[in-house]
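Trainee: data15.pdb (PDB, C-alpha atoms) pasted underneath:
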ATOM      1  CA  MET M   1     -83.109  28.673  35.277
ATOM      2  CA  PRO M   2     -84.453  30.017  31.960
ATOM      3  CA  ASP M   3     -84.080  28.139  28.715
ATOM      4  CA  ARG M   4     -80.709  28.455  26.986
ATOM      5  CA  THR M   5     -82.412  30.003  23.941
ATOM      6  CA  GLU M   6     -83.462  33.091  25.942
ATOM      7  CA  SER M   7     -81.386  36.261  25.493
ATOM      8  CA  ALA M   8     -78.360  36.960  27.682
ATOM      9  CA  GLN M   9     -80.286  39.787  29.339
ATOM     10  CA  VAL M  10     -83.206  37.549  30.320
ATOM     11  CA  ARG M  11     -80.881  34.903  31.746
ATOM     12  CA  PHE M  12     -78.812  37.535  33.605
ATOM     13  CA  ARG M  13     -81.937  39.040  35.197
ATOM     14  CA  ALA M  14     -83.273  35.625  36.178
ATOM     15  CA  GLY M  15     -79.907  34.963  37.815
ATOM     16  CA  MET M  16     -80.089  38.254  39.750
ATOM     17  CA  ARG M  17     -83.515  37.306  41.107
ATOM     18  CA  ARG M  18     -82.214  33.895  42.103
ATOM     19  CA  GLY M  19     -79.188  35.497  43.776
ATOM     20  CA  VAL M  20     -81.085  37.885  46.073
ATOM     21  CA  PRO M  21     -81.631  35.425  48.952
ATOM     22  CA  PHE M  22     -77.995  34.329  48.625
ATOM     23  CA  GLY M  23     -77.025  38.009  48.785
ATOM     24  CA  PHE M  24     -78.795  38.470  52.125
ATOM     25  CA  ALA M  25     -77.156  35.353  53.588
ATOM     26  CA  VAL M  26     -73.736  36.407  52.292
ATOM     27  CA  PHE M  27     -74.278  39.900  53.756
ATOM     28  CA  LEU M  28     -74.663  38.421  57.241
ATOM     29  CA  ILE M  29     -71.583  36.236  56.804
ATOM     30  CA  ALA M  30     -69.615  39.295  55.641
ATOM     31  CA  VAL M  31     -70.709  41.257  58.723
ATOM     32  CA  SER M  32     -69.361  38.505  60.949
ATOM     33  CA  TYR M  33     -66.131  38.416  58.886
ATOM     34  CA  GLY M  34     -65.711  42.184  59.346
ATOM     35  CA  VAL M  35     -66.291  41.941  63.101
ATOM     36  CA  LEU M  36     -63.740  39.126  63.462
ATOM     37  CA  ALA M  37     -61.179  40.692  61.098
ATOM     38  CA  ARG M  38     -61.046  44.211  62.589
ATOM     39  CA  PRO M  39     -58.882  43.414  65.650
ATOM     40  CA  VAL M  40     -56.489  41.271  63.581
ATOM     41  CA  MET M  41     -56.279  43.079  60.230
ATOM     42  CA  GLY M  42     -57.273  46.667  61.028
ATOM     43  CA  THR M  43     -60.024  48.581  59.225
ATOM     44  CA  VAL M  44     -58.862  48.870  55.607
ATOM     45  CA  ALA M  45     -57.366  45.444  54.835
ATOM     46  CA  PRO M  46     -60.537  43.374  55.487
ATOM     47  CA  ILE M  47     -62.558  45.653  53.201
ATOM     48  CA  VAL M  48     -59.934  45.555  50.441
ATOM     49  CA  MET M  49     -59.772  41.773  50.832
ATOM     50  CA  SER M  50     -63.543  41.461  50.399
ATOM     51  CA  ILE M  51     -63.329  43.578  47.232
ATOM     52  CA  VAL M  52     -60.421  41.720  45.619
ATOM     53  CA  VAL M  53     -60.670  38.157  47.019
ATOM     54  CA  PHE M  54     -64.480  37.856  47.473
ATOM     55  CA  SER M  55     -64.374  34.396  48.997
ATOM     56  CA  GLY M  56     -65.782  33.546  52.414
ATOM     57  CA  SER M  57     -63.897  30.324  52.913
ATOM     58  CA  ALA M  58     -60.446  31.734  52.016
ATOM     59  CA  GLN M  59     -61.015  34.980  53.935
ATOM     60  CA  LEU M  60     -62.319  33.333  57.095
ATOM     61  CA  GLY M  61     -59.724  30.550  56.858
ATOM     62  CA  SER M  62     -56.717  32.857  56.445
ATOM     63  CA  LEU M  63     -58.094  35.152  59.165
ATOM     64  CA  ALA M  64     -58.189  32.238  61.597
ATOM     65  CA  ILE M  65     -54.471  31.598  60.948
ATOM     66  CA  LEU M  66     -53.507  35.282  61.326
ATOM     67  CA  ALA M  67     -55.609  35.582  64.503
ATOM     68  CA  ALA M  68     -53.802  32.566  65.983
ATOM     69  CA  GLY M  69     -50.479  34.332  65.397
ATOM     70  CA  GLY M  70     -49.535  32.440  62.239
ATOM     71  CA  GLY M  71     -47.470  34.173  59.578
ATOM     72  CA  ALA M  72     -48.447  35.295  56.085
ATOM     73  CA  GLY M  73     -47.069  32.051  54.588
ATOM     74  CA  ALA M  74     -49.356  29.815  56.630
ATOM     75  CA  ALA M  75     -52.347  32.122  56.044
ATOM     76  CA  ILE M  76     -51.752  32.127  52.283
ATOM     77  CA  ILE M  77     -51.369  28.341  52.094
ATOM     78  CA  ALA M  78     -54.612  27.862  54.037
ATOM     79  CA  GLY M  79     -56.443  30.322  51.791
ATOM     80  CA  VAL M  80     -55.126  28.708  48.605
ATOM     81  CA  LEU M  81     -56.088  25.215  49.788
ATOM     82  CA  LEU M  82     -59.538  26.421  50.817
ATOM     83  CA  ASN M  83     -60.024  27.882  47.354
ATOM     84  CA  ALA M  84     -58.401  25.001  45.479
ATOM     85  CA  ARG M  85     -61.919  23.765  44.702
ATOM     86  CA  TYR M  86     -62.162  26.699  42.273
ATOM     87  CA  LEU M  87     -59.656  24.887  40.091
ATOM     88  CA  ALA M  88     -62.045  21.936  39.793
ATOM     89  CA  MET M  89     -65.034  24.262  39.408
ATOM     90  CA  GLY M  90     -63.212  26.177  36.655
ATOM     91  CA  LEU M  91     -62.426  22.990  34.762
ATOM     92  CA  ALA M  92     -66.103  22.044  35.016
ATOM     93  CA  LEU M  93     -67.210  25.465  33.808
ATOM     94  CA  ALA M  94     -64.699  25.748  30.934
ATOM     95  CA  PRO M  95     -66.598  23.859  28.190
ATOM     96  CA  SER M  96     -69.650  26.119  28.743
ATOM     97  CA  LEU M  97     -67.599  29.298  28.159
ATOM     98  CA  ARG M  98     -67.332  30.246  24.499
ATOM     99  CA  GLY M  99     -65.688  33.243  22.900
ATOM    100  CA  ARG M 100     -62.375  35.040  23.261
ATOM    101  CA  ALA M 101     -59.978  34.472  26.128
ATOM    102  CA  LEU M 102     -60.820  37.843  27.683
ATOM    103  CA  SER M 103     -64.543  37.128  27.745
ATOM    104  CA  ARG M 104     -63.974  33.619  29.148
ATOM    105  CA  ALA M 105     -61.734  35.122  31.843
ATOM    106  CA  ALA M 106     -64.355  37.743  32.741
ATOM    107  CA  PHE M 107     -67.053  35.108  33.196
ATOM    108  CA  ALA M 108     -64.681  32.859  35.137
ATOM    109  CA  MET M 109     -63.830  35.626  37.612
ATOM    110  CA  THR M 110     -67.488  35.805  38.696
ATOM    111  CA  THR M 111     -67.406  32.188  39.887
ATOM    112  CA  VAL M 112     -68.474  31.756  43.506
ATOM    113  CA  ASP M 113     -69.938  28.622  45.082
ATOM    114  CA  ALA M 114     -73.600  29.631  45.088
ATOM    115  CA  SER M 115     -73.590  30.977  41.520
ATOM    116  CA  TRP M 116     -71.630  28.080  40.103
ATOM    117  CA  ALA M 117     -73.969  25.557  41.715
ATOM    118  CA  ALA M 118     -77.088  27.527  40.689
ATOM    119  CA  ALA M 119     -75.917  27.866  37.067
ATOM    120  CA  SER M 120     -75.279  24.142  36.730
ATOM    121  CA  ALA M 121     -77.896  22.704  34.379
ATOM    122  CA  GLY M 122     -77.504  19.236  35.902
ATOM    123  CA  ASP M 123     -76.063  17.649  32.760
ATOM    124  CA  GLY M 124     -72.536  18.977  33.290
ATOM    125  CA  THR M 125     -73.136  22.265  31.437
ATOM    126  CA  PHE M 126     -73.481  25.781  32.889
ATOM    127  CA  ASP M 127     -75.311  28.977  31.898
ATOM    128  CA  PRO M 128     -72.622  31.719  32.150
ATOM    129  CA  TRP M 129     -74.976  34.729  32.037
ATOM    130  CA  TYR M 130     -77.188  33.200  34.704
ATOM    131  CA  MET M 131     -74.080  32.631  36.849
ATOM    132  CA  VAL M 132     -72.997  36.274  36.551
ATOM    133  CA  GLY M 133     -76.526  37.323  37.550
ATOM    134  CA  VAL M 134     -76.492  35.156  40.680
ATOM    135  CA  THR M 135     -73.082  36.574  41.666
ATOM    136  CA  VAL M 136     -74.102  40.268  41.509
ATOM    137  CA  PRO M 137     -76.351  40.339  44.623
ATOM    138  CA  GLN M 138     -73.735  38.338  46.516
ATOM    139  CA  TYR M 139     -70.994  40.871  45.746
ATOM    140  CA  VAL M 140     -73.400  43.635  46.716
ATOM    141  CA  GLY M 141     -73.977  41.828  50.032
ATOM    142  CA  TRP M 142     -70.357  40.851  50.625
ATOM    143  CA  VAL M 143     -68.508  44.172  50.364
ATOM    144  CA  PRO M 144     -70.906  46.470  52.299
ATOM    145  CA  GLY M 145     -71.430  43.662  54.838
ATOM    146  CA  THR M 146     -67.696  43.665  55.515
ATOM    147  CA  VAL M 147     -67.685  47.466  55.904
ATOM    148  CA  ILE M 148     -70.541  47.296  58.422
ATOM    149  CA  GLY M 149     -68.861  44.467  60.338
ATOM    150  CA  VAL M 150     -65.567  46.346  60.539
ATOM    151  CA  PHE M 151     -67.107  49.581  61.806
ATOM    152  CA  ALA M 152     -70.034  48.281  63.864
ATOM    153  CA  GLY M 153     -68.145  45.358  65.379
ATOM    154  CA  LYS M 154     -67.924  46.799  68.878
ATOM    155  CA  ALA M 155     -71.636  47.558  68.982
ATOM    156  CA  LEU M 156     -72.544  44.064  67.736
ATOM    157  CA  GLY M 157     -70.491  42.234  70.337
ATOM    158  CA  ASN M 158     -68.993  38.767  70.030
ATOM    159  CA  PRO M 159     -70.055  37.133  66.726
ATOM    160  CA  SER M 160     -69.956  33.673  68.236
ATOM    161  CA  SER M 161     -72.442  34.574  71.018
ATOM    162  CA  LEU M 162     -74.759  35.762  68.223
ATOM    163  CA  GLY M 163     -74.404  32.377  66.524
ATOM    164  CA  LEU M 164     -72.895  33.961  63.419
ATOM    165  CA  ASP M 165     -70.472  31.045  62.982
ATOM    166  CA  ALA M 166     -73.481  28.860  62.130
ATOM    167  CA  LEU M 167     -74.356  31.100  59.143
ATOM    168  CA  PHE M 168     -71.622  29.712  56.927
ATOM    169  CA  PRO M 169     -72.416  25.984  57.204
ATOM    170  CA  ALA M 170     -76.156  26.720  56.999
ATOM    171  CA  PHE M 171     -75.574  28.694  53.790
ATOM    172  CA  PHE M 172     -73.660  25.828  52.196
ATOM    173  CA  LEU M 173     -76.350  23.417  53.372
ATOM    174  CA  ALA M 174     -78.960  25.516  51.557
ATOM    175  CA  LEU M 175     -76.888  25.262  48.361
ATOM    176  CA  LEU M 176     -76.501  21.518  48.883
ATOM    177  CA  PHE M 177     -80.265  21.036  49.265
ATOM    178  CA  GLU M 178     -80.849  22.686  45.892
ATOM    179  CA  GLU M 179     -78.138  20.624  44.265
ATOM    180  CA  VAL M 180     -78.770  17.087  45.442
ATOM    181  CA  ARG M 181     -81.281  15.318  43.221
ATOM    182  CA  GLY M 182     -81.058  11.620  42.493
ATOM    183  CA  ARG M 183     -79.057   8.712  43.775
ATOM    184  CA  ARG M 184     -75.652   9.525  42.283
ATOM    185  CA  LYS M 185     -75.659  13.030  43.766
ATOM    186  CA  MET M 186     -76.688  11.602  47.133
ATOM    187  CA  VAL M 187     -73.735   9.219  46.982
ATOM    188  CA  ALA M 188     -71.384  12.048  45.938
ATOM    189  CA  ALA M 189     -72.619  14.261  48.804
ATOM    190  CA  GLY M 190     -72.456  11.487  51.413
ATOM    191  CA  GLY M 191     -69.025  10.401  50.235
ATOM    192  CA  GLY M 192     -67.728  13.985  50.107
ATOM    193  CA  ALA M 193     -68.936  14.638  53.661
ATOM    194  CA  GLY M 194     -67.339  11.399  54.875
ATOM    195  CA  ILE M 195     -63.983  12.118  53.233
ATOM    196  CA  ALA M 196     -63.905  15.650  54.667
ATOM    197  CA  LEU M 197     -64.757  14.424  58.179
ATOM    198  CA  VAL M 198     -62.078  11.726  58.147
ATOM    199  CA  LEU M 199     -59.385  14.038  56.745
ATOM    200  CA  THR M 200     -60.078  17.116  58.918
ATOM    201  CA  PRO M 201     -57.908  15.914  61.850
ATOM    202  CA  LEU M 202     -55.244  14.591  59.462
ATOM    203  CA  ALA M 203     -54.689  17.226  56.769
ATOM    204  CA  PRO M 204     -54.279  21.044  56.650
ATOM    205  CA  ALA M 205     -57.477  23.113  56.306
ATOM    206  CA  GLY M 206     -58.794  23.062  52.760
ATOM    207  CA  LEU M 207     -57.314  19.750  51.645
ATOM    208  CA  PRO M 208     -60.209  17.739  53.136
ATOM    209  CA  ILE M 209     -62.616  19.794  50.997
ATOM    210  CA  LEU M 210     -60.577  19.346  47.843
ATOM    211  CA  ALA M 211     -60.185  15.608  48.511
ATOM    212  CA  ALA M 212     -63.980  15.303  48.700
ATOM    213  CA  ALA M 213     -63.957  15.655  44.901
ATOM    214  CA  ALA M 214     -62.860  11.992  44.862
ATOM    215  CA  ALA M 215     -66.408  11.101  45.941
ATOM    216  CA  ALA M 216     -67.699  12.631  42.695
ATOM    217  CA  ILE M 217     -65.338  10.386  40.724
ATOM    218  CA  VAL M 218     -66.501   7.279  42.571
ATOM    219  CA  ALA M 219     -70.202   8.204  42.293
ATOM    220  CA  SER M 220     -69.813   8.880  38.560
ATOM    221  CA  ARG M 221     -69.169   5.152  38.081
ATOM    222  CA  LEU M 222     -72.633   4.335  39.416
ATOM    223  CA  ARG M 223     -75.603   3.880  37.135
ATOM    224  CA  PRO M 224     -77.909   6.957  37.225
TER     225      PRO M 224
ATOM    226  CA  MET Z   1     -49.401  44.648  59.277
ATOM    227  CA  THR Z   2     -47.096  43.685  56.386
ATOM    228  CA  ALA Z   3     -48.161  40.051  56.838
ATOM    229  CA  VAL Z   4     -51.803  41.108  56.495
ATOM    230  CA  TRP Z   5     -51.254  42.954  53.217
ATOM    231  CA  VAL Z   6     -49.064  40.196  51.791
ATOM    232  CA  THR Z   7     -51.877  37.735  52.604
ATOM    233  CA  VAL Z   8     -54.504  39.947  50.941
ATOM    234  CA  GLY Z   9     -52.424  40.403  47.776
ATOM    235  CA  ALA Z  10     -51.338  36.791  47.464
ATOM    236  CA  LEU Z  11     -54.846  35.412  47.983
ATOM    237  CA  ALA Z  12     -56.379  37.856  45.500
ATOM    238  CA  PHE Z  13     -53.833  36.681  42.914
ATOM    239  CA  ALA Z  14     -54.100  32.973  43.768
ATOM    240  CA  THR Z  15     -57.908  32.961  43.781
ATOM    241  CA  ALA Z  16     -57.957  34.615  40.346
ATOM    242  CA  VAL Z  17     -55.465  32.065  38.989
ATOM    243  CA  LEU Z  18     -57.482  29.149  40.385
ATOM    244  CA  LYS Z  19     -60.670  30.494  38.781
ATOM    245  CA  LEU Z  20     -58.983  31.231  35.440
ATOM    246  CA  VAL Z  21     -56.852  28.141  34.750
ATOM    247  CA  GLY Z  22     -59.668  25.911  33.472
ATOM    248  CA  PRO Z  23     -61.560  28.460  31.352
ATOM    249  CA  LEU Z  24     -58.352  29.887  29.801
ATOM    250  CA  LEU Z  25     -56.664  26.575  29.035
ATOM    251  CA  LEU Z  26     -59.683  24.479  28.066
ATOM    252  CA  GLY Z  27     -62.125  27.224  27.096
ATOM    253  CA  GLY Z  28     -65.103  26.132  25.042
ATOM    254  CA  ARG Z  29     -63.754  22.692  24.185
ATOM    255  CA  PRO Z  30     -65.942  19.871  25.464
ATOM    256  CA  LEU Z  31     -64.616  17.581  28.168
ATOM    257  CA  PRO Z  32     -64.636  13.817  27.540
ATOM    258  CA  ALA Z  33     -67.952  12.179  28.491
ATOM    259  CA  ARG Z  34     -66.470  10.463  31.521
ATOM    260  CA  ALA Z  35     -65.130  13.758  32.855
ATOM    261  CA  MET Z  36     -68.544  15.387  32.328
ATOM    262  CA  ASN Z  37     -70.057  12.602  34.435
ATOM    263  CA  VAL Z  38     -67.740  13.598  37.276
ATOM    264  CA  VAL Z  39     -68.403  17.322  36.792
ATOM    265  CA  GLU Z  40     -72.148  16.790  37.250
ATOM    266  CA  LEU Z  41     -71.481  15.415  40.723
ATOM    267  CA  LEU Z  42     -68.723  17.785  41.807
ATOM    268  CA  ALA Z  43     -70.978  20.426  43.383
ATOM    269  CA  ALA Z  44     -72.734  17.878  45.601
ATOM    270  CA  ALA Z  45     -69.419  16.449  46.859
ATOM    271  CA  LEU Z  46     -67.721  19.823  47.470
ATOM    272  CA  LEU Z  47     -70.745  21.485  49.095
ATOM    273  CA  ALA Z  48     -71.301  18.521  51.439
ATOM    274  CA  ALA Z  49     -67.630  18.687  52.446
ATOM    275  CA  LEU Z  50     -67.905  22.432  53.159
ATOM    276  CA  VAL Z  51     -71.012  21.830  55.291
ATOM    277  CA  VAL Z  52     -69.400  19.218  57.553
ATOM    278  CA  VAL Z  53     -66.070  21.072  57.880
ATOM    279  CA  GLU Z  54     -67.827  24.323  58.830
ATOM    280  CA  THR Z  55     -70.197  22.507  61.210
ATOM    281  CA  PHE Z  56     -67.765  20.216  63.044
ATOM    282  CA  GLY Z  57     -64.289  21.559  62.277
ATOM    283  CA  GLN Z  58     -62.255  23.702  64.632
ATOM    284  CA  GLY Z  59     -58.765  23.991  63.241
ATOM    285  CA  ARG Z  60     -57.601  20.409  62.904
ATOM    286  CA  SER Z  61     -60.050  18.896  65.366
ATOM    287  CA  LEU Z  62     -63.668  17.857  65.142
ATOM    288  CA  VAL Z  63     -65.924  19.320  67.823
ATOM    289  CA  PHE Z  64     -69.609  19.016  68.648
ATOM    290  CA  ASP Z  65     -70.642  22.509  69.729
ATOM    291  CA  ALA Z  66     -73.617  24.869  69.459
ATOM    292  CA  ARG Z  67     -73.203  25.114  65.665
ATOM    293  CA  VAL Z  68     -74.563  21.574  65.347
ATOM    294  CA  PRO Z  69     -78.129  22.251  66.600
ATOM    295  CA  GLY Z  70     -78.113  25.434  64.506
ATOM    296  CA  VAL Z  71     -77.228  23.576  61.313
ATOM    297  CA  ALA Z  72     -79.681  20.802  62.261
ATOM    298  CA  PHE Z  73     -82.403  23.459  62.428
ATOM    299  CA  ALA Z  74     -81.370  24.698  58.986
ATOM    300  CA  ALA Z  75     -81.571  21.144  57.618
ATOM    301  CA  LEU Z  76     -85.073  20.690  59.039
ATOM    302  CA  ALA Z  77     -86.197  24.078  57.699
ATOM    303  CA  LEU Z  78     -84.803  23.360  54.209
ATOM    304  CA  TRP Z  79     -86.359  19.904  54.203
ATOM    305  CA  ARG Z  80     -89.738  21.549  55.008
ATOM    306  CA  ARG Z  81     -89.065  23.870  52.048
ATOM    307  CA  ALA Z  82     -88.525  27.029  54.110
ATOM    308  CA  PRO Z  83     -86.839  29.988  52.341
ATOM    309  CA  ILE Z  84     -83.033  30.160  52.509
ATOM    310  CA  MET Z  85     -83.085  33.215  54.786
ATOM    311  CA  VAL Z  86     -85.301  31.419  57.325
ATOM    312  CA  ALA Z  87     -82.937  28.447  57.366
ATOM    313  CA  VAL Z  88     -79.736  30.517  57.569
ATOM    314  CA  LEU Z  89     -80.959  33.091  60.121
ATOM    315  CA  GLY Z  90     -82.657  30.348  62.130
ATOM    316  CA  ALA Z  91     -79.348  28.486  62.332
ATOM    317  CA  ALA Z  92     -77.692  31.553  63.878
ATOM    318  CA  VAL Z  93     -80.582  32.097  66.317
ATOM    319  CA  VAL Z  94     -80.616  28.447  67.464
ATOM    320  CA  THR Z  95     -76.826  28.468  67.890
ATOM    321  CA  ALA Z  96     -76.959  31.757  69.835
ATOM    322  CA  LEU Z  97     -79.744  30.425  72.072
ATOM    323  CA  CYS Z  98     -77.793  27.244  72.790
ATOM    324  CA  ARG Z  99     -74.741  29.292  73.761
ATOM    325  CA  ALA Z 100     -76.862  31.579  75.971
ATOM    326  CA  VAL Z 101     -78.530  28.685  77.777
ATOM    327  CA  PHE Z 102     -75.621  26.258  78.252
TER     328      PHE Z 102
END
Represent the structure contained in this file as structure tokens.

Mentor:
Amino acid sequence: MPDRTESAQVRFRAGMRRGVPFGFAVFLIAVSYGVLARPVMGTVAPIVMSIVVFSGSAQLGSLAILAAGGGAGAAIIAGVLLNARYLAMGLALAPSLRGRALSRAAFAMTTVDASWAAASAGDGTFDPWYMVGVTVPQYVGWVPGTVIGVFAGKALGNPSSLGLDALFPAFFLALLFEEVRGRRKMVAAGGGAGIALVLTPLAPAGLPILAAAAAAIVASRLRP
Amino acid sequence: MTAVWVTVGALAFATAVLKLVGPLLLGGRPLPARAMNVVELLAAALLAALVVVETFGQGRSLVFDARVPGVAFAALALWRRAPIMVAVLGAAVVTALCRAVF
């Protein structure tokens, strides 16, 4: 990440370069989302959802509910819980966003996991222009990837026999590897994984991920 | 189909609200030092949770299926400093191979 004294343009471009590999990974995940969504949601709705929701976890999570015959209520609750981490991420990002409400809102809307994690300076602050830059290639991968998945689904075959369901955890693992430096982050990661594993059979989808934030609170009490 | 469109609309709205609450309410004001200490560690905790849920979760149960060797390959590749695309694509290939063989 460039120094904070560099111009917005320099930091934005550096973010774009950093985001390109994420964009390719996200493209593949979007293709598998499109393939899975077509029989359940039709052709237009998955593409619109990728444009306006732009969130793998909420889209794949709500799709799983709809595909299992669940109603809109259950699908919405699952999607909201899966994205509830954005509330915590937004609170973390807030002090780094200066300026008018409209400009803060515009930056905040570009928050996605990979960009947020990449733009974290490690001391609790974030570089907003860098974050926007990292998001751009991911959006460019996400929306066309969904279109290709929706229309080429039949030719591609079953996404699970292609191993596409392993793309999502592997992508998050790549983000985790870049993030975890030092003992306190190791403790936070280990604790977060443990909490999520224990709660998965007990709580609705999404809550185990949100509850993992408790590990960050515990680890923050440790000496660096 | 109505259920599908209601889901799309509601999640677009809810995701925007979740992203906006912090920056609009707090915006620019510094968090207390203790909160900043937690914020530093939030990404590690949330990302690790996403990794295990997506690797072992199937609805409300934990399963050990072909995703696990795929993600294990990704971990090894990342540890050996391979590029992200190698790790992510390799995970899919290993998982697909496991499913084809077993």

Trainee: Hey, which of M:Ala121, M:Val52, M:Ile65, M:Leu162 ends up closest to Met109 (chain M)? Count all atoms listed in the file.

Mentor: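 The answer is M:Val52, which sits nearest to Met109 (chain M).
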
Trainee: Determine the nearest neighbour of chain Z from the options M:Leu207, M:Gly182, M:Ile76, M:Arg100, counting only C-alpha atoms.

Mentor: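 Residue with the minimum atom-to-atom distance to chain Z: M:Ile76.
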
Trainee: Which polymer residues have any atom within 9 Å of an atom of Pro46 (chain M), counting only C-alpha atoms, with same-chain residues fewer than 6 positions away left out, as a list of chain:residue names?

Mentor: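 Answer for this query is M:Tyr33, M:Gly34, M:Ala37, M:Arg38, M:Gln59, M:Thr146, M:Val147, M:Val150, Z:Val8.
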
Trainee: Residues within 9 Å of Ala43 (chain Z), please, as a PyMOL selection string. Count all atoms listed in the file; anything in the same chain fewer than 6 positions from it doesn't count.

Mentor: chain M and resi 89+113+116-117+120+176+179-180+185+188-189+213+216

Trainee: For chain M, which residue among Z:Leu25, Z:Ala48, Z:Leu76, Z:Ala35 is the nearest when counting only C-alpha atoms?

Mentor: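 Among the listed residues, the smallest separation from chain M belongs to Z:Ala48.
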